[in-house]
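Peer 1: Below is a structure I'd like to ask you about.
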Number of protein chains: 2
Amino acid sequence: MSAPGSADGQAVRRPTLTQVAALAGVSLKTASRALNGEPNVAETTGERVRAAADQLGYRLNGIARELRRGATSALVGLISGDLTNPFYSAVASGIERELRQHGLQLVTANNDEDAERERALVDAFLERRVRALLIVPSGTDHGYLAIEGTRGVPFVFLDRPPVGMAADTVVIDNHGGARAAALHLLAGGHRRVALVADLARMAPQRGRIDGFVEAMAEAGNDEWRPYLRTDVHDVRQAERTVRELLATDPAPTAVFTTNNRLTTGALRALRGHPRPPALIGFDDFDLADVVGTTVVAHDAMALGRSAARLAQERIGGHEGPARTIVVATSVIARGSGERPPN
Amino acid sequence: MSAPGSADGQAVRRPTLTQVAALAGVSLKTASRALNGEPNVAETTGERVRAAADQLGYRLNGIARELRRGATSALVGLISGDLTNPFYSAVASGIERELRQHGLQLVTANNDEDAERERALVDAFLERRVRALLIVPSGTDHGYLAIEGTRGVPFVFLDRPPVGMAADTVVIDNHGGARAAALHLLAGGHRRVALVADLARMAPQRGRIDGFVEAMAEAGNDEWRPYLRTDVHDVRQAERTVRELLATDPAPTAVFTTNNRLTTGALRALRGHPRPPALIGFDDFDLADVVGTTVVAHDAMALGRSAARLAQERIGGHEGPARTIVVATSVIARGSGERPPN
DNA sequence: CTGAAAGCGCTAACAT
DNA sequence: ATGTTAGCGCTTTCAG
């Protein structure tokens, strides 16, 4: 069972370029040239080197190469929430696709929505000399990153802008999207509109709440106030909250949930309801068309791609002030948001 | 706008340990000891070194360290399909959680379900000296990996077993799960059961198809044969296929879809249908409870965790023959699978 | 076209 | 408790 050449379970030491060169009977440098396809290598010599490499099962040591070339890797780090949240996985996928164009690899890490852990991850990534760092931040103060930003490692913030420093940022048009949802409901004749939001301290939630409130204010509608629920953080809590809202008297005639988790909870609460309220959810989701849920949609994958592009430009030497890209939203009517009041 | 010390857009070279040592007025090694918390460093000396490091904005160069320590990184590679598929992202999340326990980082790459690209990624990861390589393979021959496996880099295959080599593997009980679904439908009185499957050359699909067929054969039922549809690879194709099935005469009274994508397509096709057939889908999904879809569920995150654990054990020196872990499935009845025939 | 020597930034081994 | 020397595996001068 033991690998050939291994002593008592020790992994075999991989052959080095020196060994390949020795076997091929050439110098170290010639072997290097041959394997890297550099010019100025005789046809036959190159042949011989490649044969030796194959025979030994040689594989370039990227770590040594990177050290020599300037101690910076081909890795780009992404720190975000858990990938089982489709928003984060869509973002990650978009980033990965874009990076690939430039020969860069994505390294992902989950911050558990915890500021402490996020800092630790930033440290770990910087020590590994990532080329750039993309962050969907949980932490609320990023001043500690300010020094790093100037030291050659570009930072890009996704979904939430940095606090205490300037950096490239890609965000969703939260304010506009929520406003559009609110207007949509108002146009449908709703007045008693419930707002179910996640942690209000998070910037995207803040934006969505503000956009909603603003639209209501403009319409001179105050009847939503008793139905405001914030800091609802998971699916079960959302389900319970919506149930409670429906049990109030008078009950709201419409519900606006400010992210995919909360929408899921609302759908559970509304399941089998005889006369469900209108519902609009922020974030599109997989079966929204089947379920017939009206949403505020946006392109999470494009968000990731944009962020990766910004990072790539910085890696390529782009200087200049921090840029902010805003991803557009659009209301997709699928029925739930068009149910009339009462 | 230029970073302090940078010349025309060049990134500042990060300070090295040598510089820290010089500033602190100690030797290189002492600085190393102090910063790594090794014993035998005077209190005051350590203090001085840390102060110097802070002042310079020093950050350990992990690449150099790794090279010195044996040219193997703290990275574990995952090659899989696109993370926007919730199955892959759940797997990735499970892996990430487990690796974290051991101080390892996950690097993800998308093989685009293409064997060629998969090989290229394997090469890239091995060059980067990943500690282990986890693969949800698309390629059908993995013999080229056989040499590598013995060279100290553990491979773990997820969801699909390797072909042409032996390696640790974690798979779902595809056969048993599909069989259970088939029995469930048979018990409900169904005879004309449609099977909508993905690419039949893929092992998991093969297993699901076989499990289904076996159960039907045991029940002495042959009426499913006209309704067999394989190599249905995306949502739209699935939707069209199910529509076509429903238009046949006599139409099937039940449909079994063999993965989440196909189930989504089926749900779209069945949407608004007056008397929809029974439906069971392989793979659980987010709103299955809301939509009321009966599924063959399994724990994709656990699959990832198990794979990561196997890898970790090999990294820790575990020897021995390749192991295979089978993840259990269970039928979750939610209504769609219990609709009676006709 | 090929080779020798130097060194990337760090840690391990061996002094002191 | 601290310092010196060597060298991980590679690429980059600079010479033949």
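Scheme for the structure tokens: letters A, B, ... for chains in order shown; per-chain residue numbers from 1; ligand numbers from 1 in order shown.
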Quick one: which residues from chain A are at most 9 Å off chain D, using only C-alpha atoms (C1' of nucleotides), as a PyMOL selection string?
Peer 2: chain A and resi 16-18+29+32+60-69
Peer 1: Those same residues - N, CA, C and O atoms - I'd like them written as a CSV table (one decimal), in the first residue's frame.
Peer 2:
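Below is the file that was written, out_31.csv:
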```csv
chain,number,residue,atom,x,y,z
A,16,THR,N,12.7,17.8,-7.8
A,16,THR,CA,13.0,19.2,-8.1
A,16,THR,C,13.5,19.4,-9.5
A,16,THR,O,13.9,18.5,-10.2
A,17,LEU,N,13.6,20.7,-9.9
A,17,LEU,CA,14.1,21.0,-11.2
A,17,LEU,C,15.5,20.6,-11.3
A,17,LEU,O,16.0,20.1,-12.4
A,18,THR,N,16.2,20.7,-10.3
A,18,THR,CA,17.6,20.2,-10.3
A,18,THR,C,17.8,18.8,-10.6
A,18,THR,O,18.6,18.4,-11.4
A,29,LYS,N,19.3,25.8,-15.3
A,29,LYS,CA,18.7,26.9,-16.1
A,29,LYS,C,18.1,26.4,-17.4
A,29,LYS,O,17.0,26.8,-17.8
A,32,SER,N,14.9,24.7,-16.8
A,32,SER,CA,13.9,25.7,-16.5
A,32,SER,C,13.4,26.3,-17.8
A,32,SER,O,12.2,26.4,-18.0
A,60,LEU,N,6.1,21.6,-11.4
A,60,LEU,CA,6.7,22.8,-11.0
A,60,LEU,C,6.2,23.2,-9.6
A,60,LEU,O,5.1,22.9,-9.2
A,61,ASN,N,7.1,23.7,-8.8
A,61,ASN,CA,6.8,24.2,-7.5
A,61,ASN,C,6.4,25.7,-7.6
A,61,ASN,O,7.2,26.6,-7.6
A,62,GLY,N,5.0,25.9,-7.6
A,62,GLY,CA,4.5,27.3,-7.7
A,62,GLY,C,4.9,28.2,-6.6
A,62,GLY,O,5.1,29.4,-6.7
A,63,ILE,N,5.1,27.6,-5.4
A,63,ILE,CA,5.5,28.4,-4.3
A,63,ILE,C,6.9,29.0,-4.4
A,63,ILE,O,7.1,30.2,-4.2
A,64,ALA,N,7.8,28.2,-4.9
A,64,ALA,CA,9.1,28.7,-5.1
A,64,ALA,C,9.1,29.7,-6.2
A,64,ALA,O,9.8,30.8,-6.0
A,65,ARG,N,8.4,29.4,-7.2
A,65,ARG,CA,8.3,30.4,-8.3
A,65,ARG,C,7.8,31.7,-7.8
A,65,ARG,O,8.4,32.8,-8.1
A,66,GLU,N,6.7,31.7,-7.1
A,66,GLU,CA,6.1,32.9,-6.6
A,66,GLU,C,7.1,33.7,-5.7
A,66,GLU,O,7.2,34.9,-5.7
A,67,LEU,N,7.8,33.0,-4.8
A,67,LEU,CA,8.7,33.6,-3.9
A,67,LEU,C,9.7,34.4,-4.8
A,67,LEU,O,10.0,35.6,-4.5
A,68,ARG,N,10.3,33.7,-5.7
A,68,ARG,CA,11.3,34.3,-6.5
A,68,ARG,C,10.8,35.5,-7.3
A,68,ARG,O,11.4,36.5,-7.5
A,69,ARG,N,9.6,35.3,-7.8
A,69,ARG,CA,9.0,36.4,-8.7
A,69,ARG,C,8.5,37.6,-8.0
A,69,ARG,O,8.0,38.5,-8.6
```
Peer 1: Is it possible to see chain B as a compact mmCIF listing (two decimals) with C-alpha atoms, in the first residue's frame, once it has been laid onto chain A by a least-squares fit on every C-alpha atom in order?
Peer 2:
```
# COMPACT_ATOMS: atom_id res chain seq x y z
CA MET B 1 0.09 0.02 0.19
CA SER B 2 3.02 2.34 0.77
CA ALA B 3 3.90 4.71 -2.02
CA PRO B 4 7.07 3.84 -3.89
CA GLY B 5 10.05 5.33 -2.16
CA SER B 6 8.12 6.45 0.86
CA ALA B 7 9.38 5.59 4.29
CA ASP B 8 6.82 4.71 6.93
CA GLY B 9 3.98 6.82 5.68
CA GLN B 10 6.02 9.84 4.81
CA ALA B 11 4.90 11.47 1.60
CA VAL B 12 7.47 11.22 -1.14
CA ARG B 13 9.38 14.39 -1.65
CA ARG B 14 8.61 15.66 -5.09
CA PRO B 15 11.46 15.78 -7.57
CA THR B 16 12.98 19.19 -8.07
CA LEU B 17 14.13 20.96 -11.14
CA THR B 18 17.70 20.20 -10.16
CA GLN B 19 16.97 16.49 -10.34
CA VAL B 20 15.33 16.84 -13.70
CA ALA B 21 18.33 18.78 -14.96
CA ALA B 22 20.71 16.16 -13.62
CA LEU B 23 18.81 13.33 -15.26
CA ALA B 24 18.69 15.20 -18.56
CA GLY B 25 22.36 16.04 -18.26
CA VAL B 26 21.87 19.78 -18.54
CA SER B 27 22.15 22.73 -16.20
CA LEU B 28 19.42 23.88 -13.90
CA LYS B 29 18.70 26.94 -15.94
CA THR B 30 18.45 25.07 -19.20
CA ALA B 31 15.91 22.75 -17.67
CA SER B 32 13.97 25.76 -16.42
CA ARG B 33 14.02 27.32 -19.85
CA ALA B 34 12.90 24.17 -21.57
CA LEU B 35 10.01 23.53 -19.23
CA ASN B 36 8.84 27.13 -19.37
CA GLY B 37 8.91 27.25 -23.14
CA GLU B 38 11.47 30.05 -23.20
CA PRO B 39 13.44 30.63 -26.38
CA ASN B 40 17.04 29.64 -26.88
CA VAL B 41 16.74 25.97 -26.19
CA ALA B 42 17.81 23.41 -28.77
CA GLU B 43 15.08 21.15 -30.03
CA THR B 44 16.77 17.98 -28.85
CA THR B 45 17.74 19.42 -25.48
CA GLY B 46 14.16 20.45 -24.80
CA GLU B 47 13.02 17.00 -25.75
CA ARG B 48 15.46 15.42 -23.36
CA VAL B 49 14.44 17.68 -20.48
CA ARG B 50 10.75 17.01 -20.97
CA ALA B 51 11.41 13.29 -21.07
CA ALA B 52 13.34 13.49 -17.81
CA ALA B 53 10.56 15.53 -16.21
CA ASP B 54 7.95 13.02 -17.26
CA GLN B 55 10.00 10.11 -16.05
CA LEU B 56 10.44 11.69 -12.63
CA GLY B 57 6.86 12.88 -12.42
CA TYR B 58 8.15 16.38 -12.01
CA ARG B 59 5.78 19.21 -11.30
CA LEU B 60 6.73 22.84 -11.04
CA ASN B 61 6.77 24.22 -7.52
CA GLY B 62 4.57 27.26 -7.76
CA ILE B 63 5.45 28.38 -4.26
CA ALA B 64 9.14 28.65 -5.04
CA ARG B 65 8.36 30.39 -8.28
CA GLU B 66 6.11 32.89 -6.60
CA LEU B 67 8.66 33.62 -3.93
CA ARG B 68 11.31 34.27 -6.51
CA ARG B 69 9.03 36.32 -8.71
CA GLY B 70 8.10 38.68 -5.92
CA ALA B 71 6.17 36.92 -3.25
CA THR B 72 2.73 37.49 -4.66
CA SER B 73 0.44 34.68 -5.61
CA ALA B 74 -2.19 34.15 -8.30
CA LEU B 75 -4.85 34.01 -5.63
CA VAL B 76 -7.66 36.40 -4.93
CA GLY B 77 -9.48 36.07 -1.63
CA LEU B 78 -13.19 36.37 -1.04
CA ILE B 79 -14.53 36.78 2.45
CA SER B 80 -18.30 36.51 2.63
CA GLY B 81 -21.18 34.85 4.39
CA ASP B 82 -22.06 31.21 3.94
CA LEU B 83 -22.18 29.98 0.37
CA THR B 84 -25.43 28.14 0.97
CA ASN B 85 -27.04 31.56 0.76
CA PRO B 86 -27.73 31.80 -2.96
CA PHE B 87 -26.83 35.47 -2.95
CA TYR B 88 -23.29 34.75 -1.82
CA SER B 89 -22.84 31.79 -4.10
CA ALA B 90 -24.02 33.81 -7.09
CA VAL B 91 -21.55 36.53 -6.18
CA ALA B 92 -18.76 33.98 -5.78
CA SER B 93 -19.60 32.42 -9.11
CA GLY B 94 -19.49 35.79 -10.85
CA ILE B 95 -16.13 36.56 -9.32
CA GLU B 96 -14.72 33.20 -10.24
CA ARG B 97 -15.75 33.59 -13.86
CA GLU B 98 -14.17 36.98 -14.18
CA LEU B 99 -10.93 36.08 -12.41
CA ARG B 100 -10.46 33.11 -14.62
CA GLN B 101 -10.09 35.42 -17.62
CA HIS B 102 -6.97 36.75 -16.00
CA GLY B 103 -5.48 33.50 -14.76
CA LEU B 104 -6.42 34.17 -11.17
CA GLN B 105 -7.86 31.71 -8.69
CA LEU B 106 -10.55 32.38 -6.14
CA VAL B 107 -10.05 31.45 -2.50
CA THR B 108 -13.20 31.61 -0.43
CA ALA B 109 -13.71 31.88 3.28
CA ASN B 110 -16.81 32.23 5.39
CA ASN B 111 -16.79 35.01 7.97
CA ASP B 112 -19.79 33.54 9.81
CA GLU B 113 -21.09 37.10 9.80
CA ASP B 114 -18.69 37.76 12.60
CA ALA B 115 -16.41 40.81 12.68
CA GLU B 116 -13.75 39.09 14.75
CA ARG B 117 -13.42 36.18 12.40
CA GLU B 118 -13.44 38.53 9.46
CA ARG B 119 -10.36 40.30 10.74
CA ALA B 120 -8.59 37.02 11.28
CA LEU B 121 -9.37 35.99 7.72
CA VAL B 122 -8.07 39.26 6.34
CA ASP B 123 -4.83 38.63 8.18
CA ALA B 124 -4.59 35.08 6.92
CA PHE B 125 -5.19 36.13 3.34
CA LEU B 126 -2.69 38.95 3.47
CA GLU B 127 -0.09 36.62 4.87
CA ARG B 128 -0.73 34.32 1.99
CA ARG B 129 -0.04 37.27 -0.24
CA VAL B 130 -3.28 37.27 -2.18
CA ARG B 131 -3.28 39.55 -5.17
CA ALA B 132 -6.49 41.23 -4.08
CA LEU B 133 -9.08 40.89 -1.39
CA LEU B 134 -12.84 40.98 -2.00
CA ILE B 135 -15.03 41.38 1.04
CA VAL B 136 -18.72 41.23 1.77
CA PRO B 137 -18.11 42.74 5.17
CA SER B 138 -19.81 41.96 8.43
CA GLY B 139 -17.53 44.09 10.50
CA THR B 140 -18.58 47.66 10.95
CA ASP B 141 -15.20 49.29 11.09
CA HIS B 142 -12.61 48.69 8.43
CA GLY B 143 -10.18 51.40 9.39
CA TYR B 144 -7.61 48.78 10.23
CA LEU B 145 -7.43 48.00 6.54
CA ALA B 146 -6.53 51.52 5.53
CA ILE B 147 -2.79 50.95 5.79
CA GLU B 148 -2.98 47.77 3.82
CA GLY B 149 -4.80 49.29 0.91
CA THR B 150 -1.85 51.48 0.21
CA ARG B 151 0.56 48.60 0.40
CA GLY B 152 -0.24 47.08 -2.90
CA VAL B 153 -3.10 44.75 -2.04
CA PRO B 154 -6.30 46.11 -3.55
CA PHE B 155 -9.49 45.76 -1.57
CA VAL B 156 -12.94 45.67 -3.08
CA PHE B 157 -16.06 45.78 -0.96
CA LEU B 158 -19.20 44.05 -2.14
CA ASP B 159 -22.77 44.69 -1.16
CA ARG B 160 -21.72 46.86 1.78
CA PRO B 161 -19.47 49.89 1.67
CA PRO B 162 -16.41 50.11 3.91
CA VAL B 163 -16.51 52.16 7.07
CA GLY B 164 -13.50 54.17 8.08
CA MET B 165 -11.59 53.85 4.83
CA ALA B 166 -12.02 54.43 1.13
CA ALA B 167 -12.00 51.51 -1.29
CA ASP B 168 -13.57 50.32 -4.49
CA THR B 169 -17.11 49.19 -3.84
CA VAL B 170 -19.93 47.48 -5.69
CA VAL B 171 -23.38 47.75 -4.20
CA ILE B 172 -26.97 47.15 -5.16
CA ASP B 173 -29.34 50.06 -5.60
CA ASN B 174 -31.02 49.22 -2.34
CA HIS B 175 -32.72 52.54 -1.88
CA GLY B 176 -34.10 52.66 -5.39
CA GLY B 177 -35.17 49.04 -5.37
CA ALA B 178 -37.08 49.31 -2.11
CA ARG B 179 -38.61 52.57 -3.23
CA ALA B 180 -39.84 50.92 -6.42
CA ALA B 181 -41.35 48.08 -4.43
CA ALA B 182 -43.12 50.53 -2.14
CA LEU B 183 -44.46 52.53 -5.08
CA HIS B 184 -45.64 49.32 -6.69
CA LEU B 185 -47.69 48.47 -3.63
CA LEU B 186 -48.97 52.00 -3.21
CA ALA B 187 -50.06 52.01 -6.84
CA GLY B 188 -51.97 48.83 -6.10
CA GLY B 189 -53.93 50.72 -3.51
CA HIS B 190 -52.19 49.42 -0.42
CA ARG B 191 -51.90 51.59 2.69
CA ARG B 192 -51.25 49.17 5.53
CA VAL B 193 -47.97 47.78 4.27
CA ALA B 194 -45.78 45.71 6.55
CA LEU B 195 -42.02 46.00 6.27
CA VAL B 196 -40.04 42.97 7.43
CA ALA B 197 -36.34 43.73 7.46
CA ASP B 198 -33.11 42.09 8.57
CA LEU B 199 -30.54 43.67 10.88
CA ALA B 200 -31.06 47.40 10.54
CA ARG B 201 -27.41 48.13 11.28
CA MET B 202 -26.37 46.58 7.99
CA ALA B 203 -26.03 49.14 5.25
CA PRO B 204 -28.02 47.30 2.58
CA GLN B 205 -30.91 46.83 4.96
CA ARG B 206 -30.66 50.45 6.01
CA GLY B 207 -30.92 51.49 2.38
CA ARG B 208 -33.91 49.29 1.73
CA ILE B 209 -35.70 50.49 4.82
CA ASP B 210 -35.00 54.12 3.97
CA GLY B 211 -36.14 53.72 0.39
CA PHE B 212 -39.37 52.20 1.54
CA VAL B 213 -40.01 54.83 4.19
CA GLU B 214 -39.24 57.63 1.78
CA ALA B 215 -41.73 56.39 -0.78
CA MET B 216 -44.40 56.07 1.87
CA ALA B 217 -43.70 59.55 3.16
CA GLU B 218 -43.97 61.02 -0.33
CA ALA B 219 -47.32 59.34 -0.75
CA GLY B 220 -48.42 60.83 2.54
CA ASN B 221 -49.02 57.36 3.89
CA ASP B 222 -48.44 56.73 7.57
CA GLU B 223 -50.40 53.57 8.01
CA TRP B 224 -47.38 51.31 7.58
CA ARG B 225 -45.82 52.38 10.87
CA PRO B 226 -47.47 49.79 13.15
CA TYR B 227 -46.27 47.05 10.83
CA LEU B 228 -42.56 47.79 10.81
CA ARG B 229 -40.43 44.82 11.92
CA THR B 230 -36.64 44.99 11.75
CA ASP B 231 -33.76 42.81 12.94
CA VAL B 232 -35.47 39.68 11.73
CA HIS B 233 -32.45 37.60 10.93
CA ASP B 234 -33.42 34.13 9.82
CA VAL B 235 -36.10 32.18 8.02
CA ARG B 236 -37.91 30.91 11.11
CA GLN B 237 -37.98 34.28 12.73
CA ALA B 238 -39.36 35.72 9.51
CA GLU B 239 -42.06 33.10 9.33
CA ARG B 240 -43.12 33.80 12.90
CA THR B 241 -43.02 37.54 12.40
CA VAL B 242 -45.25 37.39 9.35
CA ARG B 243 -47.68 35.12 11.14
CA GLU B 244 -47.90 37.60 13.96
CA LEU B 245 -48.44 40.46 11.55
CA LEU B 246 -51.30 38.63 9.90
CA ALA B 247 -52.91 38.13 13.29
CA THR B 248 -53.04 41.84 14.08
CA ASP B 249 -56.23 43.80 13.66
CA PRO B 250 -56.45 45.41 11.24
CA ALA B 251 -53.97 43.18 9.45
CA PRO B 252 -51.64 44.63 6.84
CA THR B 253 -52.79 44.16 3.26
CA ALA B 254 -49.28 43.88 1.90
CA VAL B 255 -45.85 42.69 3.05
CA PHE B 256 -42.44 43.75 1.82
CA THR B 257 -39.54 41.50 2.83
CA THR B 258 -36.07 42.90 2.39
CA ASN B 259 -34.05 39.82 1.46
CA ASN B 260 -34.33 36.28 0.18
CA ARG B 261 -34.27 34.63 3.61
CA LEU B 262 -37.10 36.77 4.87
CA THR B 263 -39.10 36.18 1.72
CA THR B 264 -38.75 32.45 2.24
CA GLY B 265 -40.06 32.82 5.76
CA ALA B 266 -42.96 34.93 4.56
CA LEU B 267 -43.87 32.36 1.94
CA ARG B 268 -43.96 29.69 4.61
CA ALA B 269 -46.20 31.84 6.78
CA LEU B 270 -48.53 32.62 3.92
CA ARG B 271 -48.77 29.03 2.80
CA GLY B 272 -52.36 27.91 2.66
CA HIS B 273 -53.65 31.26 3.81
CA PRO B 274 -57.21 31.84 2.48
CA ARG B 275 -56.71 35.47 1.55
CA PRO B 276 -53.00 36.19 1.65
CA PRO B 277 -51.70 39.75 1.64
CA ALA B 278 -49.76 41.09 -1.30
CA LEU B 279 -46.06 40.20 -1.10
CA ILE B 280 -42.93 41.64 -2.64
CA GLY B 281 -39.49 40.32 -1.79
CA PHE B 282 -36.09 41.87 -2.29
CA ASP B 283 -33.76 39.44 -4.15
CA ASP B 284 -34.95 37.19 -6.89
CA PHE B 285 -34.95 33.44 -6.26
CA ASP B 286 -35.06 30.19 -8.10
CA LEU B 287 -38.72 29.25 -8.02
CA ALA B 288 -40.16 32.74 -7.75
CA ASP B 289 -41.89 32.24 -11.08
CA VAL B 290 -43.43 28.97 -9.98
CA VAL B 291 -44.58 30.36 -6.67
CA GLY B 292 -45.67 33.55 -8.38
CA THR B 293 -43.74 35.92 -6.16
CA THR B 294 -43.17 39.51 -7.20
CA VAL B 295 -39.60 40.53 -6.46
CA VAL B 296 -37.08 43.33 -6.62
CA ALA B 297 -34.50 41.59 -8.79
CA HIS B 298 -30.85 42.40 -9.36
CA ASP B 299 -27.95 40.55 -10.90
CA ALA B 300 -25.85 39.13 -8.07
CA MET B 301 -23.51 37.41 -10.48
CA ALA B 302 -22.89 40.71 -12.27
CA LEU B 303 -22.14 42.25 -8.91
CA GLY B 304 -19.43 39.66 -8.40
CA ARG B 305 -18.08 40.13 -11.89
CA SER B 306 -17.91 43.90 -11.49
CA ALA B 307 -16.05 43.58 -8.23
CA ALA B 308 -13.57 41.17 -9.75
CA ARG B 309 -13.06 43.53 -12.64
CA LEU B 310 -12.30 46.43 -10.31
CA ALA B 311 -9.81 44.27 -8.46
CA GLN B 312 -8.21 43.16 -11.69
CA GLU B 313 -7.77 46.75 -12.80
CA ARG B 314 -6.04 47.65 -9.56
CA ILE B 315 -3.80 44.62 -9.86
CA GLY B 316 -2.98 45.87 -13.33
CA GLY B 317 -1.75 49.09 -11.81
CA HIS B 318 -4.78 51.33 -12.00
CA GLU B 319 -4.42 54.28 -9.67
CA GLY B 320 -6.96 56.82 -8.68
CA PRO B 321 -9.65 57.43 -6.14
CA ALA B 322 -11.97 54.71 -4.92
CA ARG B 323 -14.81 53.94 -7.28
CA THR B 324 -18.34 52.82 -6.54
CA ILE B 325 -20.48 50.78 -8.89
CA VAL B 326 -24.20 50.59 -8.30
CA VAL B 327 -26.05 47.56 -9.63
CA ALA B 328 -29.54 48.32 -10.89
CA THR B 329 -32.70 46.66 -9.65
CA SER B 330 -36.04 46.01 -11.29
CA VAL B 331 -39.43 44.96 -10.06
CA ILE B 332 -40.59 41.72 -11.62
CA ALA B 333 -44.34 41.33 -11.27
CA ARG B 334 -45.40 37.74 -10.85
CA GLY B 335 -48.71 38.02 -9.12
CA SER B 336 -48.07 38.16 -5.40
CA GLY B 337 -47.28 41.87 -5.53
CA GLU B 338 -50.38 42.62 -7.54
CA ARG B 339 -52.93 41.19 -5.18
CA PRO B 340 -55.36 44.01 -4.29
CA PRO B 341 -55.86 45.16 -0.71
CA ASN B 342 -58.56 43.25 1.10
```
Peer 1: Identify all residues of region 46-291 of chain A in helix (DSSP H, G or I) (DSSP on the backbone) and supply them as a PyMOL selection string.
Peer 2: chain A and resi 46-56+62-69+86-100+115-127+143-149+174-187+203-218+225-227+235-247+260-270+288-291
Peer 1: Can you check which residues of region 45-231 of chain B DSSP gives as strand (DSSP E or B) on the backbone and send them as a PyMOL selection string?
Peer 2: chain B and resi 75-80+105-110+132-135+155-158+168-172+193-196+228-229
Peer 1: Would you give me, as a list in words, the residues of chain C that come within 12 Å of chain B, using only C-alpha atoms (C1' of nucleotides)?
Peer 2: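 Using only C-alpha atoms (C1' of nucleotides), chain C residues at most 12 Å from chain B: DC8, DG9, DC10, DT11 and DA12 of chain C.
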Peer 1: Dump N, CA, C and O atoms (P, O5', C5', C4', C3', O3' and C1' of nucleotides) for the selected residues as a tab-separated table (two decimals), in the first residue's frame?
Peer 2:
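As written to disk, again-v6.tsv reads:
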```
chain	number	residue	atom	x	y	z
C	8	DC	P	17.40	39.02	-1.86
C	8	DC	O5'	15.81	38.85	-1.97
C	8	DC	C5'	15.10	39.11	-3.18
C	8	DC	C4'	13.88	38.20	-3.22
C	8	DC	C3'	13.28	37.94	-1.85
C	8	DC	O3'	12.18	38.84	-1.66
C	8	DC	C1'	13.52	35.91	-3.15
C	9	DG	P	12.20	39.89	-0.48
C	9	DG	O5'	11.79	38.99	0.77
C	9	DG	C5'	10.49	38.44	0.84
C	9	DG	C4'	10.51	37.33	1.87
C	9	DG	C3'	10.89	37.79	3.28
C	9	DG	O3'	9.78	37.49	4.12
C	9	DG	C1'	12.05	35.81	2.66
C	10	DC	P	9.82	37.60	5.69
C	10	DC	O5'	10.22	36.13	6.13
C	10	DC	C5'	9.22	35.12	6.07
C	10	DC	C4'	9.87	33.76	6.06
C	10	DC	C3'	10.32	33.27	7.42
C	10	DC	O3'	9.25	32.54	8.00
C	10	DC	C1'	11.89	32.76	5.67
C	11	DT	P	9.34	32.21	9.56
C	11	DT	O5'	10.21	30.87	9.55
C	11	DT	C5'	9.69	29.71	8.94
C	11	DT	C4'	10.74	28.63	8.97
C	11	DT	C3'	11.10	28.10	10.35
C	11	DT	O3'	11.30	26.70	10.20
C	11	DT	C1'	13.04	28.86	9.29
C	12	DA	P	11.20	25.73	11.44
C	12	DA	O5'	12.39	24.69	11.23
C	12	DA	C5'	12.91	24.48	9.94
C	12	DA	C4'	14.26	23.80	10.04
C	12	DA	C3'	14.57	23.11	11.37
C	12	DA	O3'	15.33	21.96	11.09
C	12	DA	C1'	16.10	24.89	11.01
```
